[in-house]
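Engineer: Quick one: this structure, given as structure tokens, is what I'll be asking you about.
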There are 2 protein chains.
Amino acid sequence: MELYLVIAIFVGAVLAIAFAGIMAKRVLSFDEGTDRMKKISASIRSGANAYLKRQYTIVLIFFAVMFVVLGAMAFAGLLTPYVPFAFVTGGFFSGLSGFVGMKIATAANARTANACRTGLNKGLRVAFSAGSVMGFTVVGLGLLDISIWFTLLKYVFNENAEGITSAMLTFGMGASSMALFARVGGGIFTKAADVGADLVGKVEAGIPEDDPRNPAVIADNVGDNVGDVAGMGADLYESYVGSVISCSALGVAAFNDQGMGFQAMAIPMIMAALGILCSIIGTFFVRTGEKAEQKLLLKALSRGTNLSAVLIAIAAFPLIWFILGESYYPLYFAVLAGLLAGVLIGKSTEYFTSDSYKPTKKLAGKSETGSATIIIGGLGLGMLSTALPIIIVGIAVLVSFFVSGGTIDNPQIGLYGIALAAVGMLSTLGITLATDAYGPVADNAGGIAEMSGLEPEVRERTDALDSLGNTTAATGKGFAIGSAALTALALIASYIDKVSKFTDVGYDSFSVMNPLVLIGLFIGACLPFVFAALTMDAVGRAAQSVVIEVRNQFKKIKGLMEGKADPDYAKCVDMCSRSSLKEMILPTIIAIVVPVAVGLVLGFYGVVGMLAGATASGFLMAIFMSNSGGAWDNAKKYIEAGNHGGKGSEQHKAAVVGDTVGDPFKDTSGPSINILIKLLSMVSIVFAALVVNVHIFG
Amino acid sequence: MELYLVIAIFVGAVLAIAFAGIMAKRVLSFDEGTDRMKKISASIRSGANAYLKRQYTIVLIFFAVMFVVLGAMAFAGLLTPYVPFAFVTGGFFSGLSGFVGMKIATAANARTANACRTGLNKGLRVAFSAGSVMGFTVVGLGLLDISIWFTLLKYVFNENAEGITSAMLTFGMGASSMALFARVGGGIFTKAADVGADLVGKVEAGIPEDDPRNPAVIADNVGDNVGDVAGMGADLYESYVGSVISCSALGVAAFNDQGMGFQAMAIPMIMAALGILCSIIGTFFVRTGEKAEQKLLLKALSRGTNLSAVLIAIAAFPLIWFILGESYYPLYFAVLAGLLAGVLIGKSTEYFTSDSYKPTKKLAGKSETGSATIIIGGLGLGMLSTALPIIIVGIAVLVSFFVSGGTIDNPQIGLYGIALAAVGMLSTLGITLATDAYGPVADNAGGIAEMSGLEPEVRERTDALDSLGNTTAATGKGFAIGSAALTALALIASYIDKVSKFTDVGYDSFSVMNPLVLIGLFIGACLPFVFAALTMDAVGRAAQSVVIEVRNQFKKIKGLMEGKADPDYAKCVDMCSRSSLKEMILPTIIAIVVPVAVGLVLGFYGVVGMLAGATASGFLMAIFMSNSGGAWDNAKKYIEAGNHGGKGSEQHKAAVVGDTVGDPFKDTSGPSINILIKLLSMVSIVFAALVVNVHIFG
């Protein structure tokens with residue numbers, strides 16, 4: 001059976017990559033439109049390329065240093081020799097996922113704009129195909145990396161199940177490090193450009209959004225690609241791979257004694273492969289008649305994702321029954337709990353951030369008394385919106401733990417159940433990411449339509465696509481945040497497993513009344529706050545430098561405002577690049593240094609406390625910041641749609657302030673925290689042997 | 001020895017109350033000034049009285065209900081018969097502390113304004129004397145309640161040490177419930193009035209602050225008294241009593257086996273009595289020559305608080321040596337660690353929120369690019385400012401635990417050490433609260449000076465006193481926040497002690513990998529977010545109703561703007577009262593219902609997780625919100641002092657938005673969270689027997 005399972009995993013990976021290739025070909029078969037559109041798209045492309053090249057150069061240095069550090073530790077016997085290599089491949093594939101996504105997105109933007117000249121539906125087809133390339137590249141490369149390492153370790157190096165999962169967790173660390181760089185760097189770039197362009201262009205100079213006279217307009221569009229596309233690609237690669245390998249590791253821990261370690265390890269991988277198949281089937285159902293309205297389009301998208309989810313929900317049952325035997329079939333309900341929790345968190349996100357519901361409508365109403373009240377309202381909304389997801393995740397944990405057969409004295413199989421719930425959530429990532437990633441493509445298409453002076457209805461259509469994307473993105477966010485929490489819990493369990501190999505501690509050794517655990521908990525809970533502060537400040541600083549540059553160009557370039565001279569777009573792109581690359585380093589270093597430092601001082605007790613604290617507070621901060629930001633954004637759009645005075649009113653100005661505060665909330669700090677909480681665990685796991693040997697307390 | 005100790009505690013309590021009486025007499029010996037001043041002061045007084053009367057009526061209903069609930073539980077054998085009575089006295093004394101503080105503050109405001117007509121130093125004397133009344137009333141009543149119950153239980157009912165501390169923890173719960181009502185209700189009142197008065201008066205009508213034509217101006221001044229004075233009094237009563245009784249309870253747990261339960265229990269009480277003596281001595285050093293500048297005044301205040309701290313640091317050593325014997329003298333270093341931690345957290349607060357330092361100066365600079373950037377900057381500043389206090393508290397916990405002789409396997413004495421650190425922090429509350437509570441008096445004096453049309457230099461002097469108060473308040477906040485975290489930890493330990501009486505669990509039974517503990521941790525961490533959201537929203541709603549009322553009066557009362565007709569002040573006061581009383585109920589009920597609900601579903605495992613999560617995230621949220629709010633406030637003042645364009649500039653407007661957002665942050669949500677985290681523990685302790693018998697999981 002073993003070999004068949006390995007082949008199945010490979011087949012899933014190859015299928016996804018092949019499907020991504022077909023979709024890419026379809027995207028490229030469309031026309032890029034007028035010369036002006038081609039030219040603008042080319043500048044965006046070259047700006048994004050240039051940025052990513054510089055980002056990868058810096059990341060390369062980081063990976064080289066880490067390779068040496070890990071190599072030295074392997075040499076000292078603290079790590080297996082595979083670790084440094086696994087670390088590097090994880091980073092490589094994560095970066096590659098982002099890169100491919102960015103490539104196709106920058107190829108698809110003008111094509112989407114051009115397709116929108118024909119009709120809404122054609123535009124959706126191009127944009128959604130581009131999103132699919134990204135979605136299936138992420139899952140394909142993820143599963144490919146997993147299966148290659150799996151084959152190598154098992155059949156070439158003859159490692160046992162434990163050795164395999166241990167090496168794999170390291171490439172998770174590589175993937176997470178890369179993802180953090182990409183999310184933080186890209187997030188700072190995109191928001192600095194956005195805020196900079198808006199503050200000077202819209203507010204000071206009074207020209208519309210995406211006006212070609214604005215020197216930061218190309219940087220703004222580049223930002224969408226390097227932040228919302230490349231950053232998101234690397235991010236979700238990390239989530240996907242993280243959930244699978246942490247689940248595999250717990251499977252080995254739970255089932256090795258019964259000689260079923262291999263099977264339990266394989267289940268999340270096979271489920272991922274099956275999920276790819278279900279996602280591909282789902283994509284075929286995303287189509288409508290030529291004259292579809294926006295509502296029907298949304299239905300089409302939902303039909304695709306819902307169908308995929310139902311298919312995997314059905315397929316997971318025989319899978320578990322067949323591989324683990326009938327006595328373990330209750331693990332299936334853990335998968336189901338995960339899927340359901342993901343959907344529900346998505347619904348909660350939608351409820352709190354969409355202007356079809358009360359909270360965001362009420363928030364928009366707070367603009368009547370000025371920007372202070374809309375800020376207070378948005379912060380309150382975000383904080384309040386944490387309660388429901390916490391309860392949903394709590395129930396999911398409870399169900400997946402106890403239903404799987406976990407008990408308080410013997411929790412291993414229950415923890416495996418929790419990890420399976422996370423895999424369940426992410427198994428159809430191929431299609432959910434496709435519906436998520438097409439948003440920035442539509443956004444870019446809108447920018448190109450504006451800059452090329454296309455007919456107003458083109459912009460209307462791209463806007464419709466974009467706002468459609470916002471709704472589907474809410475579901476995607478639900479899965480991303482929910483799976484991050486569950487994966488982080490699984491990783492903490494893996495850490496304890498690892499430590500228990502060296503010492504006599506177990507899952508029950510980390511009482512919150514142990515002062516080391518407790519102080520760790522405090523420090524861990526503090527990390528997301530510090531991380532959010534650093535990334536927000538970074539956006540502020542970077543934006544300020546863009547503001548100054550844009551103001552300068554308006555002053556110095558003669559004839560710019562009259563449309564007689566071109567602004568120096570490249571200078572603004574360069575500005576954003578430089579500051580975001582500079583600013584992304586400190587947060588990432590903190591995420592890597594703090595777990596090691598805490599371990600060296602407070603020992604593994606402190607580390608477990610830190611991980612638990614960071615997971616709890618990180619989950620809360622991520623939801624709070626994402627939802628506050630999303631609600632402000634949509635409250636502004638709601639006002640722009642003609643409510644509370646409409647565009648240009650005092651209320652609108654107040655809402656713009658809210659939206660600007662929300663920008664770094666939802667697109668820089670919030671999503672980075674999801675990566676942070678997993679990276680902390682993976683770093684802790686990799687450095688576990690060191691910490692067990694060297695620590696001051698405990 | 002026992003009787004001498006009890007007498008010493010009584011003497012401390014009576015000394016404090018007597019000193020408060022002398023100070024009150026001194027305040028009343030000053031003149032209230034002109035007729036107009038008397039009239040204004042009388043309206044503020046009557047407004048504050050009316051509000052408190054209504055607040056106490058509602059609270060009375062709550063206490064009556066709880067009395068019945070607790071009585072029924074006592075009848076069912078789940079509680080001792082003292083519990084319902086202890087609960088009620090705790091609430092009574094906490095409310096009384098706030099009431100006395102409010103009485104003296106409303107008596108002192110006009111007197112301070114009048115004294116400021118003579119000079120700054122005389123003004124300080126009146127205001128500081130009023131603050132002293134409040135400070136020593138709080139500690140006096142606190143220690144009196146403790147000593148009365150102690151005497152009753154020990155000598156009348158012949159309870160053993162365990163029975164004594166158990167009943168005492170219930171009056172802690174009563175005090176905390178009352179404090180939460182007072183803080184939340186008062187906090188909503190004061191900020192609704194403040195925001196309402198500012199938004200319509202300053203921004204829309206363009207009249208200066210404290211202008212008598214503004215219908216909300218009296219409500220604003222009443223708010224200072226019911227929020228910043230009565231609310232703070234009840235709050236710090238709760239902190240003081242909570243730290244002492246939780247420490248006593250842990251002392252019994254740690255020392256009962258050695259027959260020294262009584263001594264260990266008495267130590268925090270004696271230390272509190274000694275602290276009163278040290279504080280009284282300290283107040284005599286708060287004096288300067290008649291022609292003192294502001295800087296010298298600050299020195300005078302610091303001299304008083306520093307001297308008291310040094311005295312108690314010296315006196316604690318022989319105290320511990322003498323009562324517990326020489327082998328336990330290292331517990332002294334726990335006290336020292338607590339004192340030092342309190343001072344350092346205060347310094348950190350000052351660094352992040354005072355405009356003498358870089359962070360707030362930089363924040364003020366962000367007003368150059370508008371309100372969005374100053375909001376982002378302030379949020380970032382607050383989040384970043386959590387790191388240092390977390391590390392300070394972490395070190396204090398580490399030191400006080402291990403130095404006291406605690407070990408991971410046998411933590412009891414170490415936990416007692418942590419609790420002693422909290423008592424150390426609060427032992428000189430008499431004087432630190434005096435330096436804190438005189439601020440609102442000076443603030444009110446400024447309002448009266450403005451409304452009575454006194455010479456501009458009077459207002460300058462009251463402003464100087466007020467800003468002096470901001471600096472000293474930072475230190476006070478450091479002690480309040482730091483002690484809240486340590487006391488909460490001590491209370492969690494007490495909870496486990498209580499549970500261990502019914503079951504076979506111990507301190508080491510609450511591993512974070514237990515899914516019930518984990519889910520509890522998530523829920524607990526979420527509570528401060530929800531609580532902050534509810535209180536912020538409440539301020540927003542209440543403020544909106546004030547805004548509408550003020551707009552109405554401006555429209556309907558003819559001749560108001562010309563100063564020919566009086567506004568209807570009482571209507572605004574009534575408005576604020578009604579909405580704040582309505583809004584204070586839900587948050588308090590949540591704080592009481594959630595721990596019981598979590599216990600009934602997730603059992604005591606879930607409760608311990610919840611308490612740990614709430615303590616960690618509550619500590620962070622309290623610091624974040626207080627410091628963001630404080631920094632915005634001072635950034636605005638920094639701009640008003642003539643920097644970045646000064647008063648009336650665009651930058652100033654941006655800073656006002658920041659300040660308005662910061663108002664509910666620092667004066668409603670932030671301080672309430674400190675109470676919340678302790679109340680959660682006390683409720684859990686009181687309902688422990690019920691939860692142990694009835695729960696779904698665990």
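The way I read the labels, and the way they are meant: chains A, B, ... in the order of the structure tokens, residue 1 as the first residue of every chain, and ligand 1 as the first ligand shown, with later ones counted on from there.
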Using only C-alpha atoms, find which residues of chain B lie within 6 Å of chain A and jot them down as an NGL selection string.
Structural biologist: :B and (372 or 376 or 380 or 383-384 or 394 or 408 or 507-508 or 510-514 or 519 or 522 or 529-530 or 533 or 616 or 657 or 661)
Engineer: Using only C-alpha atoms, which residues sit within 10 Å of Gly33 in chain A once same-chain residues fewer than 4 positions away are excluded, as a list in words?
Structural biologist: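 Surrounding residues, per the criterion: Met37, Lys38, Ala110, Arg111, Thr112, Ala113, Asn114, Ala115 and Arg117 of chain A.
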Engineer: Using N, CA and C atoms, can you export the residues from the last selection as a compact mmCIF listing (two decimals), in the first residue's frame?
Structural biologist:
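Saved file result.txt follows:
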```
# COMPACT_ATOMS: atom_id res chain seq x y z
N MET A 37 -2.26 50.46 -22.75
CA MET A 37 -2.47 49.46 -21.72
C MET A 37 -1.25 48.55 -21.59
N LYS A 38 -0.71 48.15 -22.76
CA LYS A 38 0.48 47.29 -22.74
C LYS A 38 1.63 47.98 -22.03
N ALA A 110 -3.72 43.75 -17.52
CA ALA A 110 -4.20 44.45 -18.72
C ALA A 110 -5.20 43.58 -19.47
N ARG A 111 -4.96 42.27 -19.46
CA ARG A 111 -5.86 41.36 -20.16
C ARG A 111 -7.26 41.38 -19.53
N THR A 112 -7.29 41.47 -18.19
CA THR A 112 -8.59 41.54 -17.53
C THR A 112 -9.29 42.84 -17.89
N ALA A 113 -8.54 43.93 -17.87
CA ALA A 113 -9.14 45.23 -18.23
C ALA A 113 -9.69 45.17 -19.65
N ASN A 114 -8.92 44.59 -20.53
CA ASN A 114 -9.34 44.50 -21.93
C ASN A 114 -10.58 43.61 -22.06
N ALA A 115 -10.59 42.50 -21.30
CA ALA A 115 -11.74 41.60 -21.36
C ALA A 115 -12.99 42.29 -20.83
N ARG A 117 -13.80 45.19 -21.34
CA ARG A 117 -14.38 46.04 -22.39
C ARG A 117 -15.49 45.28 -23.11
```
Engineer: Please, what distance in Å, to one decimal, runs between CA of Met269 in chain A and CA of Phe136 in chain A?
Structural biologist: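 Value for the CA of Met269 in chain A-CA of Phe136 in chain A distance: 15.4 Å.
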Engineer: With a distance cut-off of 10 Å and only C-alpha atoms, select the neighbouring residues of Leu491 in chain B, excluding the residue or stretch itself and same-chain residues fewer than 2 positions from it, and output the selection as a ChimeraX atom specification.
Structural biologist: /B:169,242-243,245-247,249-250,415,419,485-489,493-497,611,677-682,684-685
Engineer: Based on the backbone DSSP call, show me all residues of range 348-523 of chain A assigned alpha helix (DSSP H), as a PyMOL selection string.
Structural biologist: chain A and resi 348-353+358-365+371-384+387-403+412-426+429-451+456-500+515-523
Engineer: Looking at B:Tyr438, B:Phe19, B:Phe285, B:Phe93, which one is nearest to Gly131 in chain B, with distances taken over only C-alpha atoms?
Structural biologist: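 Result for the nearest residue to Gly131 in chain B: B:Tyr438.
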